[in-house]
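Chemist: Data file query-v1.csv (CSV, C-alpha atoms and all ligand atoms) is appended below.
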chain,number,residue,atom,x,y,z
X,1496,MET,CA,71.9,101.1,149.6
X,1497,GLN,CA,68.4,102.0,148.3
X,1498,GLU,CA,68.8,99.2,145.7
X,1499,GLN,CA,69.7,96.7,148.5
X,1500,SER,CA,66.7,97.5,150.5
X,1501,LEU,CA,64.4,97.3,147.4
X,1502,LYS,CA,66.0,93.9,146.7
X,1503,ALA,CA,65.4,92.8,150.3
X,1504,SER,CA,61.7,93.8,150.2
X,1505,PHE,CA,61.3,91.9,147.0
X,1506,GLN,CA,62.7,88.9,148.6
X,1507,TRP,CA,60.2,89.3,151.5
X,1508,LEU,CA,57.3,89.6,149.1
X,1509,ILE,CA,58.6,86.4,147.4
X,1510,LEU,CA,58.8,84.6,150.8
X,1511,LEU,CA,55.3,85.8,151.7
X,1512,GLY,CA,54.1,84.3,148.4
X,1513,ARG,CA,52.9,87.8,147.1
X,1514,VAL,CA,55.0,87.5,144.0
X,1515,SER,CA,54.1,84.5,142.0
X,1516,MET,CA,57.0,84.3,139.5
X,1517,ASP,CA,60.3,86.0,139.0
X,1518,GLU,CA,59.5,88.1,135.9
X,1519,SER,CA,63.1,88.9,135.1
X,1520,PHE,CA,64.3,85.2,135.0
X,1521,ASP,CA,65.1,83.8,131.6
X,1522,TRP,CA,63.0,80.6,131.7
X,1523,ASP,CA,63.9,79.8,128.1
X,1524,SER,CA,67.5,79.1,128.9
X,1525,LEU,CA,67.0,76.7,131.7
X,1526,THR,CA,69.3,73.6,131.7
X,1527,PHE,CA,69.6,70.8,134.2
X,1528,SER,CA,71.8,72.8,136.6
X,1529,LEU,CA,71.6,74.3,140.0
X,1530,THR,CA,69.8,77.7,140.4
X,1531,PRO,CA,69.8,78.2,144.2
X,1532,THR,CA,66.4,79.1,145.6
X,1533,GLU,CA,65.6,80.9,148.9
X,1534,THR,CA,64.2,78.2,151.1
X,1535,MET,CA,65.0,74.6,152.1
X,1536,TYR,CA,63.5,72.1,154.6
X,1537,LEU,CA,65.4,70.4,157.3
X,1538,THR,CA,64.8,68.0,160.1
X,1539,THR,CA,67.0,65.8,162.2
X,1540,ALA,CA,66.5,62.6,164.3
X,1541,LYS,CA,68.5,60.4,166.6
X,1542,ALA,CA,69.0,56.9,165.4
X,1543,ASP,CA,66.6,55.5,167.9
X,1544,GLU,CA,64.0,58.3,168.0
X,1545,PRO,CA,61.1,58.9,165.7
X,1546,TRP,CA,61.3,61.6,163.0
X,1547,MET,CA,59.4,64.8,163.8
X,1548,PRO,CA,58.3,67.3,161.2
X,1549,GLY,CA,61.1,69.8,160.4
X,1550,GLU,CA,61.1,73.4,159.4
X,1551,LEU,CA,61.8,75.7,156.5
X,1552,ARG,CA,64.9,77.8,156.7
X,1553,PRO,CA,67.0,79.9,154.3
X,1554,TYR,CA,68.8,77.8,151.7
X,1555,GLY,CA,72.4,77.6,152.6
X,1556,ASP,CA,75.3,75.6,154.0
X,1557,ILE,CA,74.8,73.2,156.9
X,1558,PRO,CA,77.3,72.6,159.7
X,1559,MET,CA,78.5,69.0,159.9
X,1560,SER,CA,81.0,67.0,162.0
X,1561,PRO,CA,84.1,66.0,160.0
X,1562,ALA,CA,83.3,62.5,161.4
X,1563,ALA,CA,79.7,62.4,159.9
X,1564,GLY,CA,78.7,59.0,158.7
X,1565,VAL,CA,77.8,60.4,155.3
X,1566,LEU,CA,81.2,62.1,154.8
X,1567,ASN,CA,83.2,59.1,155.9
X,1568,TYR,CA,81.3,56.1,154.8
X,1569,GLY,CA,78.7,57.4,152.3
X,1570,GLN,CA,75.7,56.7,154.5
X,1571,GLY,CA,73.4,58.8,152.4
X,1572,LEU,CA,70.5,58.6,149.9
X,1573,PHE,CA,68.9,61.1,147.6
X,1574,GLU,CA,65.7,61.3,145.7
X,1575,GLY,CA,64.7,63.3,142.6
X,1576,MET,CA,61.2,64.4,141.7
X,1577,LYS,CA,59.6,67.3,139.9
X,1578,ALA,CA,56.8,69.9,140.5
X,1579,TYR,CA,55.1,71.1,137.4
X,1580,ARG,CA,53.2,74.2,136.7
X,1581,THR,CA,50.6,72.7,134.4
X,1582,SER,CA,48.5,74.1,131.5
X,1583,THR,CA,45.7,74.8,134.1
X,1584,GLY,CA,48.1,77.0,136.1
X,1585,ARG,CA,48.2,74.8,139.1
X,1586,ILE,CA,51.3,73.2,140.6
X,1587,VAL,CA,51.4,69.4,140.7
X,1588,PHE,CA,53.8,66.6,141.8
X,1589,PHE,CA,54.0,63.3,140.0
X,1590,ARG,CA,53.6,60.3,142.3
X,1591,PRO,CA,55.6,61.7,145.2
X,1592,GLU,CA,54.5,58.9,147.5
X,1593,GLU,CA,56.6,56.6,145.3
X,1594,ASN,CA,59.7,58.6,146.0
X,1595,ALA,CA,58.9,58.5,149.7
X,1596,ARG,CA,58.6,54.7,149.6
X,1597,ARG,CA,61.8,54.3,147.5
X,1598,MET,CA,63.7,56.4,150.1
X,1599,GLN,CA,62.3,54.2,152.9
X,1600,ARG,CA,63.6,51.1,151.1
X,1601,GLY,CA,67.0,52.8,150.6
X,1602,ALA,CA,67.0,53.7,154.3
X,1603,ASP,CA,66.5,50.1,155.2
X,1604,ARG,CA,69.4,49.0,153.0
X,1605,LEU,CA,71.8,51.7,154.4
X,1606,LYS,CA,70.7,51.1,158.0
X,1607,MET,CA,69.1,54.6,158.4
X,1608,PRO,CA,65.8,55.4,160.1
X,1609,PRO,CA,63.2,55.7,157.4
X,1610,VAL,CA,61.4,59.0,157.1
X,1611,PRO,CA,57.6,58.4,157.3
X,1612,GLU,CA,55.7,59.0,154.1
X,1613,SER,CA,53.5,61.7,155.6
X,1614,ILE,CA,56.6,63.7,156.8
X,1615,PHE,CA,58.2,63.2,153.4
X,1616,VAL,CA,55.2,64.4,151.3
X,1617,ASP,CA,54.4,67.2,153.7
X,1618,ALA,CA,58.0,68.4,153.5
X,1619,VAL,CA,58.0,68.3,149.7
X,1620,GLU,CA,54.8,70.3,149.7
X,1621,GLN,CA,56.1,72.9,152.1
X,1622,VAL,CA,59.4,73.5,150.3
X,1623,VAL,CA,57.8,73.8,146.9
X,1624,ALA,CA,55.1,76.1,148.3
X,1625,ALA,CA,57.7,78.4,149.8
X,1626,ASN,CA,59.7,78.6,146.5
X,1627,GLN,CA,56.7,78.4,144.1
X,1628,HIS,CA,57.8,81.5,142.2
X,1629,TRP,CA,60.7,79.3,141.0
X,1630,VAL,CA,58.4,76.7,139.4
X,1631,PRO,CA,58.9,77.5,135.7
X,1632,PRO,CA,55.9,78.5,133.5
X,1633,SER,CA,54.0,75.6,131.9
X,1634,GLY,CA,56.1,73.9,129.2
X,1635,LYS,CA,59.3,75.7,130.1
X,1636,GLY,CA,60.8,73.1,132.5
X,1637,ALA,CA,60.0,72.0,136.1
X,1638,MET,CA,61.0,72.5,139.6
X,1639,TYR,CA,63.4,69.7,140.5
X,1640,VAL,CA,63.0,68.6,144.1
X,1641,ARG,CA,66.0,67.0,145.8
X,1642,PRO,CA,65.4,65.2,149.1
X,1643,LEU,CA,68.5,64.0,150.9
X,1644,LEU,CA,68.7,61.6,153.9
X,1645,MET,CA,72.1,61.2,155.5
X,1646,GLY,CA,73.9,60.0,158.5
X,1647,SER,CA,75.0,63.4,159.8
X,1648,GLY,CA,76.1,62.4,163.3
X,1649,PRO,CA,79.8,61.5,164.1
X,1650,VAL,CA,81.0,57.9,164.0
X,1651,LEU,CA,84.5,56.5,163.7
X,1652,GLY,CA,84.1,52.8,163.1
X,1653,VAL,CA,82.2,51.5,160.1
X,1654,ALA,CA,78.7,51.6,161.7
X,1655,PRO,CA,75.5,53.5,161.4
X,1656,ALA,CA,75.7,57.2,162.5
X,1657,PRO,CA,74.1,58.1,165.8
X,1658,SER,CA,71.9,60.9,164.1
X,1659,TYR,CA,70.4,61.7,160.8
X,1660,THR,CA,69.4,64.7,158.7
X,1661,PHE,CA,66.5,64.8,156.2
X,1662,LEU,CA,66.8,67.9,153.9
X,1663,ILE,CA,65.1,69.0,150.8
X,1664,TYR,CA,66.2,71.7,148.4
X,1665,VAL,CA,64.6,72.7,145.1
X,1666,THR,CA,65.8,74.3,141.8
X,1667,PRO,CA,64.2,75.1,138.5
X,1668,VAL,CA,65.5,72.9,135.7
X,1669,GLY,CA,65.3,72.4,132.0
X,1670,PRO,CA,66.2,69.3,129.9
X,1671,TYR,CA,68.7,66.8,131.2
X,1672,PHE,CA,70.1,66.0,127.8
X,1673,LYS,CA,71.1,68.9,125.5
X,1674,GLY,CA,68.3,69.7,123.1
X,1675,GLY,CA,65.4,68.0,124.9
X,1676,MET,CA,63.5,65.5,122.7
X,1677,VAL,CA,66.5,64.9,120.4
X,1678,ALA,CA,67.8,61.4,119.9
X,1679,ILE,CA,71.0,60.8,121.9
X,1680,ASP,CA,74.1,58.6,121.1
X,1681,LEU,CA,75.1,56.2,123.8
X,1682,LEU,CA,78.2,54.1,124.4
X,1683,ILE,CA,78.1,50.7,126.2
X,1684,SER,CA,80.7,50.8,129.0
X,1685,GLU,CA,83.1,47.9,128.4
X,1686,HIS,CA,85.2,48.3,131.5
X,1687,HIS,CA,82.9,49.5,134.2
X,1688,HIS,CA,79.8,48.2,135.9
X,1689,ARG,CA,77.3,50.2,137.9
X,1690,ALA,CA,76.2,47.6,140.4
X,1691,ALA,CA,76.6,44.0,141.4
X,1692,PRO,CA,74.1,41.4,142.8
X,1693,GLY,CA,73.6,42.0,146.5
X,1694,GLY,CA,75.0,45.5,146.4
X,1695,SER,CA,73.2,48.8,146.5
X,1696,GLY,CA,72.2,49.3,142.8
X,1697,GLY,CA,68.5,48.9,143.6
X,1698,VAL,CA,68.4,52.0,145.9
X,1699,LYS,CA,69.3,55.6,145.4
X,1700,ALA,CA,72.5,55.5,147.5
X,1701,ILE,CA,74.7,58.5,146.9
X,1702,GLY,CA,77.7,56.1,146.6
X,1703,ASN,CA,76.3,54.6,143.4
X,1704,TYR,CA,76.9,57.8,141.5
X,1705,ALA,CA,80.5,58.9,141.9
X,1706,PRO,CA,81.9,55.7,140.3
X,1707,GLY,CA,79.9,56.6,137.2
X,1708,MET,CA,81.5,59.9,136.7
X,1709,LYS,CA,84.7,58.7,135.1
X,1710,PRO,CA,83.0,56.4,132.5
X,1711,SER,CA,80.4,59.1,131.8
X,1712,LYS,CA,83.1,61.9,131.3
X,1713,GLU,CA,85.1,59.6,129.1
X,1714,ALA,CA,82.1,58.8,126.9
X,1715,LYS,CA,81.2,62.5,126.7
X,1716,ALA,CA,84.7,63.3,125.6
X,1717,GLN,CA,84.2,60.9,122.7
X,1718,GLY,CA,80.9,62.7,121.7
X,1719,TYR,CA,78.4,60.4,123.4
X,1720,ALA,CA,75.6,61.7,125.7
X,1721,GLU,CA,76.0,58.9,128.3
X,1722,VAL,CA,77.0,55.3,128.9
X,1723,ILE,CA,74.9,52.2,129.1
X,1724,TYR,CA,75.9,49.7,131.8
X,1725,LEU,CA,75.7,46.0,131.3
X,1726,ASP,CA,75.3,43.5,134.1
X,1727,ALA,CA,78.4,42.8,136.2
X,1728,GLU,CA,78.1,39.0,136.1
X,1729,THR,CA,77.9,38.2,132.4
X,1730,HIS,CA,78.5,41.6,130.7
X,1731,THR,CA,75.7,40.7,128.3
X,1732,ASP,CA,72.5,42.3,129.5
X,1733,ILE,CA,71.6,45.9,129.6
X,1734,GLU,CA,71.0,47.3,133.0
X,1735,GLU,CA,70.7,51.1,132.9
X,1736,VAL,CA,71.7,54.3,131.1
X,1737,GLY,CA,73.8,56.4,133.6
X,1738,ALA,CA,70.9,57.7,135.7
X,1739,ALA,CA,67.9,56.5,133.7
X,1740,ASN,CA,66.2,53.3,132.9
X,1741,PHE,CA,66.3,51.6,129.5
X,1742,PHE,CA,63.5,50.5,127.1
X,1743,CYS,CA,63.6,49.2,123.5
X,1744,VAL,CA,60.8,48.4,121.1
X,1745,LYS,CA,60.7,45.5,118.7
X,1746,ASP,CA,57.7,44.7,116.5
X,1747,ASN,CA,55.6,47.1,118.7
X,1748,VAL,CA,56.5,45.2,121.9
X,1749,LEU,CA,58.3,47.1,124.6
X,1750,TYR,CA,61.2,45.4,126.5
X,1751,THR,CA,62.9,46.7,129.6
X,1752,PRO,CA,65.4,45.1,132.0
X,1753,GLU,CA,63.7,43.4,134.9
X,1754,LEU,CA,64.2,44.6,138.5
X,1755,THR,CA,66.7,42.1,139.9
X,1756,GLY,CA,68.1,44.4,142.6
X,1757,THR,CA,71.0,45.9,140.5
X,1758,ILE,CA,69.0,48.5,138.7
X,1759,LEU,CA,67.0,51.4,140.2
X,1760,PRO,CA,63.2,50.8,140.1
X,1761,GLY,CA,62.5,54.1,138.3
X,1762,ILE,CA,59.1,55.7,138.9
X,1763,THR,CA,59.1,56.9,135.3
X,1764,ARG,CA,59.9,53.3,134.2
X,1765,ASP,CA,56.9,52.0,136.2
X,1766,SER,CA,54.7,54.7,134.8
X,1767,ILE,CA,55.7,53.9,131.2
X,1768,ILE,CA,55.0,50.2,131.7
X,1769,GLN,CA,51.5,51.1,133.0
X,1770,LEU,CA,50.9,53.7,130.3
X,1771,ALA,CA,52.0,51.4,127.5
X,1772,ARG,CA,49.9,48.5,128.7
X,1773,HIS,CA,46.9,50.8,129.0
X,1774,ARG,CA,47.4,51.9,125.4
X,1775,GLY,CA,47.4,48.2,124.3
X,1776,TYR,CA,51.1,47.5,124.0
X,1777,GLU,CA,52.7,44.3,125.3
X,1778,VAL,CA,55.5,45.1,127.7
X,1779,VAL,CA,58.1,42.5,128.6
X,1780,GLU,CA,60.2,42.9,131.8
X,1781,GLY,CA,63.1,40.5,131.5
X,1782,LYS,CA,66.7,40.1,130.4
X,1783,VAL,CA,67.5,42.5,127.5
X,1784,SER,CA,70.8,41.6,126.0
X,1785,ALA,CA,72.8,44.3,124.3
X,1786,ALA,CA,72.6,42.2,121.1
X,1787,PHE,CA,68.8,42.1,121.2
X,1788,ALA,CA,68.6,45.9,122.0
X,1789,MET,CA,70.9,46.7,119.1
X,1790,ALA,CA,68.5,44.8,116.7
X,1791,ALA,CA,65.4,46.6,118.0
X,1792,ASP,CA,63.4,49.1,116.1
X,1793,GLU,CA,63.5,51.9,118.7
X,1794,ALA,CA,65.2,52.6,122.1
X,1795,PHE,CA,64.8,55.2,124.7
X,1796,CYS,CA,65.8,55.9,128.3
X,1797,CYS,CA,63.6,57.4,131.0
X,1798,GLY,CA,63.8,59.0,134.4
X,1799,THR,CA,62.6,62.1,136.3
X,1800,ALA,CA,65.4,64.2,134.9
X,1801,ALA,CA,65.6,62.5,131.5
X,1802,VAL,CA,61.8,62.2,131.1
X,1803,ILE,CA,61.7,60.1,127.9
X,1804,SER,CA,64.9,60.6,125.9
X,1805,PRO,CA,65.0,58.8,122.5
X,1806,ILE,CA,68.2,56.9,121.7
X,1807,GLY,CA,69.6,57.6,118.3
X,1808,SER,CA,72.4,55.1,118.4
X,1809,ILE,CA,74.2,52.6,120.6
X,1810,THR,CA,77.9,51.8,120.2
X,1811,HIS,CA,79.2,48.5,121.7
X,1812,ASP,CA,82.8,47.2,121.3
X,1813,GLY,CA,83.2,49.2,118.0
X,1814,ASP,CA,79.9,48.2,116.5
X,1815,LYS,CA,77.3,51.0,116.1
X,1816,THR,CA,73.5,50.6,115.7
X,1817,VAL,CA,71.6,53.6,114.5
X,1818,TYR,CA,67.8,53.4,115.2
X,1819,GLY,CA,65.6,54.4,112.2
X,1820,ASP,CA,66.8,57.6,110.6
X,1821,GLY,CA,68.2,59.0,113.9
X,1822,GLN,CA,64.8,60.6,114.6
X,1823,PRO,CA,62.7,59.6,117.7
X,1824,GLY,CA,60.7,56.5,117.0
X,1825,ALA,CA,56.9,56.5,116.8
X,1826,VAL,CA,56.3,54.5,120.0
X,1827,THR,CA,58.8,56.7,121.9
X,1828,VAL,CA,57.0,59.8,120.8
X,1829,GLU,CA,53.6,58.4,121.6
X,1830,LEU,CA,54.6,57.5,125.1
X,1831,TYR,CA,56.5,60.8,125.6
X,1832,ASP,CA,53.3,62.7,124.6
X,1833,ALA,CA,51.1,60.5,126.8
X,1834,LEU,CA,53.4,60.9,129.9
X,1835,THR,CA,54.1,64.6,129.5
X,1836,GLY,CA,50.4,65.2,128.6
X,1837,ILE,CA,49.4,63.8,132.0
X,1838,GLN,CA,52.1,65.8,133.8
X,1839,ASN,CA,51.0,69.0,132.0
X,1840,GLU,CA,47.3,68.2,132.5
X,1841,THR,CA,46.6,68.3,128.8
X,1842,GLU,CA,45.7,64.6,129.0
X,1843,GLU,CA,43.4,63.0,131.6
X,1844,ASP,CA,45.2,61.6,134.7
X,1845,VAL,CA,43.7,58.2,134.3
X,1846,PHE,CA,45.9,56.6,136.9
X,1847,GLY,CA,45.5,59.3,139.6
X,1848,TRP,CA,49.2,60.1,139.5
X,1849,LEU,CA,49.0,63.8,140.0
X,1850,HIS,CA,49.3,65.2,143.5
X,1851,PRO,CA,48.4,68.9,143.5
X,1852,LEU,CA,50.2,71.4,145.7
X,1853,PRO,CA,47.6,72.1,148.4
V,1,LIG,N1,68.2,54.8,137.3
V,1,LIG,C1,69.0,55.6,138.0
V,1,LIG,C2,70.4,55.1,138.3
V,1,LIG,C3,68.6,56.9,138.4
V,1,LIG,O1,69.4,57.6,139.2
V,1,LIG,C4,67.3,57.3,138.1
V,1,LIG,C5,66.9,58.6,138.5
V,1,LIG,O2,66.2,58.8,139.5
V,1,LIG,C6,66.5,56.5,137.3
V,1,LIG,C7,67.0,55.2,136.9
V,1,LIG,C8,65.1,56.9,137.0
V,1,LIG,O3,64.3,56.9,138.1
V,1,LIG,P1,63.0,57.8,138.2
V,1,LIG,O4,62.2,57.5,137.0
V,1,LIG,O5,62.3,57.4,139.5
V,1,LIG,O6,63.5,59.2,138.3
V,2,LIG,C1,66.6,61.8,138.5
V,2,LIG,O1,66.2,61.5,137.4
V,2,LIG,O2,65.9,62.4,139.3
V,2,LIG,C2,68.0,61.6,138.9
V,2,LIG,O3,68.2,61.4,140.0
V,2,LIG,C3,69.0,61.6,137.8
V,2,LIG,C4,70.3,62.3,138.2
V,2,LIG,C5,70.2,63.8,138.1
V,2,LIG,C6,71.1,61.7,139.2
Represent the structure from my file as structure tokens, please.
Modeler:
Amino acid sequence: MQEQSLKASFQWLILLGRVSMDESFDWDSLTFSLTPTETMYLTTAKADEPWMPGELRPYGDIPMSPAAGVLNYGQGLFEGMKAYRTSTGRIVFFRPEENARRMQRGADRLKMPPVPESIFVDAVEQVVAANQHWVPPSGKGAMYVRPLLMGSGPVLGVAPAPSYTFLIYVTPVGPYFKGGMVAIDLLISEHHHRAAPGGSGGVKAIGNYAPGMKPSKEAKAQGYAEVIYLDAETHTDIEEVGAANFFCVKDNVLYTPELTGTILPGITRDSIIQLARHRGYEVVEGKVSAAFAMAADEAFCCGTAAVISPIGSITHDGDKTVYGDGQPGAVTVELYDALTGIQNETEEDVFGWLHPLP
């Protein structure tokens, strides 16, 4: 009984922000998995009414109609971003306005009312502030911030839902791929594609992800870390790596698939393009055939969860290319250091990408 009331007062101190970090938590063993935190953010809106700022509430299940648009027709989007506790001790976000804008573009595609950027960013700040003791110590991971926008009102015919929920929960995370900055082995998916022209591949629709689970599980069962998808029209050009964008490096030039509407416009992808150009590299956005990528000097994938993950090998139709000696390539490491240096505030934020927690 006494133990329970002690625990309850500790939780209150945490909620009041009096305890900065959970001392007993093993930050060294963080993986990319869910550790529930105390507080989430939620707001709702009718289809034809403007969004109003929402409120913080205890993290937990939400009631929903069995006829909700998101449950029946997948009318839903998610975002993924991170809050970092940097080397200076402060907590920062990385380009959160870009996540807000991407969710707005997705809302337009899925016929949902877009959440204003100011409400999105304010909500992200509030939920991270409320859970800030869960932001890992500098260099030990990050707080993953997961905004969701969904048609939560009931609808029977295939049509937009009458009402919507915008919700954010947060969780501390470690590396997405086992081992962190270790080169991963990837398999080109021969029988599945992720997106087709005119579809929803260019937005973060929840429905884009379930069809990837079977190919991903099958590849993992064969010892690969993930699959690479080729374009659905010609099955020739690389599109994406599961939930990350693709780059390869040939003769010190970077190549990445162009944004044609079938791949997700990654915020990390865009940051790497800017960073690489700033450092004097040529970056080509265009068609990147599997054959070209397999003849490159280096390859890596990137995303909020994946950061920059070096690719050690690609297997396509029985042929395997191993990059270098299986170690991360020099350009990959340079860009990893540059990006994570900005995020950890050990490098100057030359592009003004960091958004400190007020
Ligand atoms: N591609 C897909 C399909 C993704 O789900 C993600 C993750 O968000 C990315 C690419 C990388 O995007 P970002 O760098 O914005 O996280
Ligand atoms: C991200 O990188 O934020 C993602 O969304 C990847 C994945 C966990 C779906």
Chemist: Residues within 10 Å of ligand LIG 2 (chain V), counting only C-alpha atoms and all ligand atoms: report them as a compact mmCIF listing (two decimals) with C-alpha atoms, in the frame of the given file.
Modeler:
# COMPACT_ATOMS: atom_id res chain seq x y z
CA PHE X 1527 69.60 70.80 134.20
CA SER X 1528 71.80 72.80 136.60
CA PHE X 1573 68.90 61.10 147.60
CA GLU X 1574 65.70 61.30 145.70
CA GLY X 1575 64.70 63.30 142.60
CA MET X 1576 61.20 64.40 141.70
CA LYS X 1577 59.60 67.30 139.90
CA ASN X 1594 59.70 58.60 146.00
CA TYR X 1639 63.40 69.70 140.50
CA VAL X 1640 63.00 68.60 144.10
CA ARG X 1641 66.00 67.00 145.80
CA TYR X 1671 68.70 66.80 131.20
CA LYS X 1699 69.30 55.60 145.40
CA ILE X 1701 74.70 58.50 146.90
CA ASN X 1703 76.30 54.60 143.40
CA TYR X 1704 76.90 57.80 141.50
CA GLY X 1737 73.80 56.40 133.60
CA ALA X 1738 70.90 57.70 135.70
CA ALA X 1739 67.90 56.50 133.70
CA ASN X 1740 66.20 53.30 132.90
CA GLY X 1761 62.50 54.10 138.30
CA ILE X 1762 59.10 55.70 138.90
CA THR X 1763 59.10 56.90 135.30
CA CYS X 1797 63.60 57.40 131.00
CA GLY X 1798 63.80 59.00 134.40
CA THR X 1799 62.60 62.10 136.30
CA ALA X 1800 65.40 64.20 134.90
CA ALA X 1801 65.60 62.50 131.50
CA VAL X 1802 61.80 62.20 131.10
Chemist: Using only C-alpha atoms and all ligand atoms, pick whichever of X:Val1736, X:Ala1788, X:Ala1825, X:Leu1830 has the shortest atom-to-atom distance to ligand LIG 1 (chain V).
Modeler: X:Val1736
Chemist: From the list X:Val1565, X:Val1778, X:Met1676, X:Leu1725, which residue is nearest Ile1806 in chain X when using only C-alpha atoms?
Modeler: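 Looking at the shortest contact to Ile1806 in chain X, the residue is X:Met1676.
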Chemist: For Met1607 in chain X, list every protein, DNA or RNA residue within 9 Å, evaluated using all atoms listed in the file, and leave out those in the same chain fewer than 3 positions away; present the list as a ChimeraX atom specification.
Modeler: /X:1542,1570-1571,1599,1601-1604,1610,1644-1646,1655-1656,1658-1659
Chemist: Using C-alpha atoms, can you export the residues from the last selection as a JSON list (two decimals), keeping the file's coordinate frame?
Modeler:
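Dumped everything to again-v8.json:
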[["chain", "number", "residue", "atom", "x", "y", "z"],
["X", 1542, "ALA", "CA", 69.00, 56.90, 165.40],
["X", 1570, "GLN", "CA", 75.70, 56.70, 154.50],
["X", 1571, "GLY", "CA", 73.40, 58.80, 152.40],
["X", 1599, "GLN", "CA", 62.30, 54.20, 152.90],
["X", 1601, "GLY", "CA", 67.00, 52.80, 150.60],
["X", 1602, "ALA", "CA", 67.00, 53.70, 154.30],
["X", 1603, "ASP", "CA", 66.50, 50.10, 155.20],
["X", 1604, "ARG", "CA", 69.40, 49.00, 153.00],
["X", 1610, "VAL", "CA", 61.40, 59.00, 157.10],
["X", 1644, "LEU", "CA", 68.70, 61.60, 153.90],
["X", 1645, "MET", "CA", 72.10, 61.20, 155.50],
["X", 1646, "GLY", "CA", 73.90, 60.00, 158.50],
["X", 1655, "PRO", "CA", 75.50, 53.50, 161.40],
["X", 1656, "ALA", "CA", 75.70, 57.20, 162.50],
["X", 1658, "SER", "CA", 71.90, 60.90, 164.10],
["X", 1659, "TYR", "CA", 70.40, 61.70, 160.80]]
Chemist: In Å, rounded to a single decimal, give me how far CA of Thr1827 in chain X is from CA of Ile1679 in chain X.
Modeler: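 Taking CA of Ile1679 in chain X as the start and CA of Thr1827 in chain X as the end point, the length is 12.9 Å.
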Chemist: Within 8 Å of (71.7, 49.2, 118.6) in the file's own coordinates, which protein, DNA or RNA residues have an atom, counting all atoms listed in the file? List them as a count of residues only.
Modeler: 13
Chemist: Kindly indicate which residue among X:Pro1548, X:Pro1851, X:Gly1781, X:Gly1697 lies nearest to Tyr1579 in chain X, using all atoms listed in the file for the distances.
Modeler: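 Among the listed residues, the smallest separation from Tyr1579 in chain X belongs to X:Pro1851.
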Chemist: May I ask for the distance between CA of Trp1848 in chain X and CA of Phe1615 in chain X, given in Å to one decimal place?
Modeler: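 Here the two named atoms are 16.8 Å from each other.
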Chemist: Looking at X:Val1619, X:Leu1551, X:Leu1770, X:Ile1758, which one is nearest to Ser1695 in chain X, with distances taken over all atoms listed in the file?
Modeler: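 For Ser1695 in chain X, the nearest of the given residues is X:Ile1758.
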Chemist: Would you list the contacts of Glu1793 in chain X as a PDB file with C-alpha atoms, in the coordinates of the input, taking every protein, DNA or RNA residue within 6 Å and counting all atoms listed in the file, but skipping same-chain residues closer than 3 positions in sequence?
Modeler:
ATOM      1  CA  CYS X1743      63.600  49.200 123.500  1.00  0.00           C
ATOM      2  CA  VAL X1744      60.800  48.400 121.100  1.00  0.00           C
ATOM      3  CA  TYR X1818      67.800  53.400 115.200  1.00  0.00           C
ATOM      4  CA  GLY X1824      60.700  56.500 117.000  1.00  0.00           C
TER       5      GLY X1824
END
Chemist: Go through X:Pro1823, X:Pro1642, X:Pro1760, X:Pro1591 and flag the residue nearest ligand LIG 1 (chain V), using all atoms listed in the file for the distances.
Modeler: X:Pro1760
Chemist: Please write as JSON, numbers by chain the list of polymer residues whose atoms come within 12 Å of (79.0, 66.7, 159.2), counting only C-alpha atoms and keeping to the coordinates of the file.
Modeler: {"X": [1556, 1557, 1558, 1559, 1560, 1561, 1562, 1563, 1564, 1565, 1566, 1567, 1568, 1569, 1570, 1571, 1645, 1646, 1647, 1648, 1649, 1650, 1656, 1657, 1658, 1659, 1660]}
Chemist: Given the selection you just returned, output its residues as a file containing C-alpha atoms, formatted as an mmCIF file, in the coordinates of the input.
Modeler:
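Output file part27.cif is given in full below:
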data_model
loop_
_atom_site.group_PDB
_atom_site.id
_atom_site.type_symbol
_atom_site.label_atom_id
_atom_site.label_comp_id
_atom_site.auth_asym_id
_atom_site.auth_seq_id
_atom_site.Cartn_x
_atom_site.Cartn_y
_atom_site.Cartn_z
ATOM 1 C CA ASP X 1556 75.300 75.600 154.000
ATOM 2 C CA ILE X 1557 74.800 73.200 156.900
ATOM 3 C CA PRO X 1558 77.300 72.600 159.700
ATOM 4 C CA MET X 1559 78.500 69.000 159.900
ATOM 5 C CA SER X 1560 81.000 67.000 162.000
ATOM 6 C CA PRO X 1561 84.100 66.000 160.000
ATOM 7 C CA ALA X 1562 83.300 62.500 161.400
ATOM 8 C CA ALA X 1563 79.700 62.400 159.900
ATOM 9 C CA GLY X 1564 78.700 59.000 158.700
ATOM 10 C CA VAL X 1565 77.800 60.400 155.300
ATOM 11 C CA LEU X 1566 81.200 62.100 154.800
ATOM 12 C CA ASN X 1567 83.200 59.100 155.900
ATOM 13 C CA TYR X 1568 81.300 56.100 154.800
ATOM 14 C CA GLY X 1569 78.700 57.400 152.300
ATOM 15 C CA GLN X 1570 75.700 56.700 154.500
ATOM 16 C CA GLY X 1571 73.400 58.800 152.400
ATOM 17 C CA MET X 1645 72.100 61.200 155.500
ATOM 18 C CA GLY X 1646 73.900 60.000 158.500
ATOM 19 C CA SER X 1647 75.000 63.400 159.800
ATOM 20 C CA GLY X 1648 76.100 62.400 163.300
ATOM 21 C CA PRO X 1649 79.800 61.500 164.100
ATOM 22 C CA VAL X 1650 81.000 57.900 164.000
ATOM 23 C CA ALA X 1656 75.700 57.200 162.500
ATOM 24 C CA PRO X 1657 74.100 58.100 165.800
ATOM 25 C CA SER X 1658 71.900 60.900 164.100
ATOM 26 C CA TYR X 1659 70.400 61.700 160.800
ATOM 27 C CA THR X 1660 69.400 64.700 158.700
#
Chemist: Would you work out the distance separating CA of Asp1521 in chain X from CA of Val1677 in chain X, expressed in Å to one decimal?
Modeler: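 The value is 22.0 Å.
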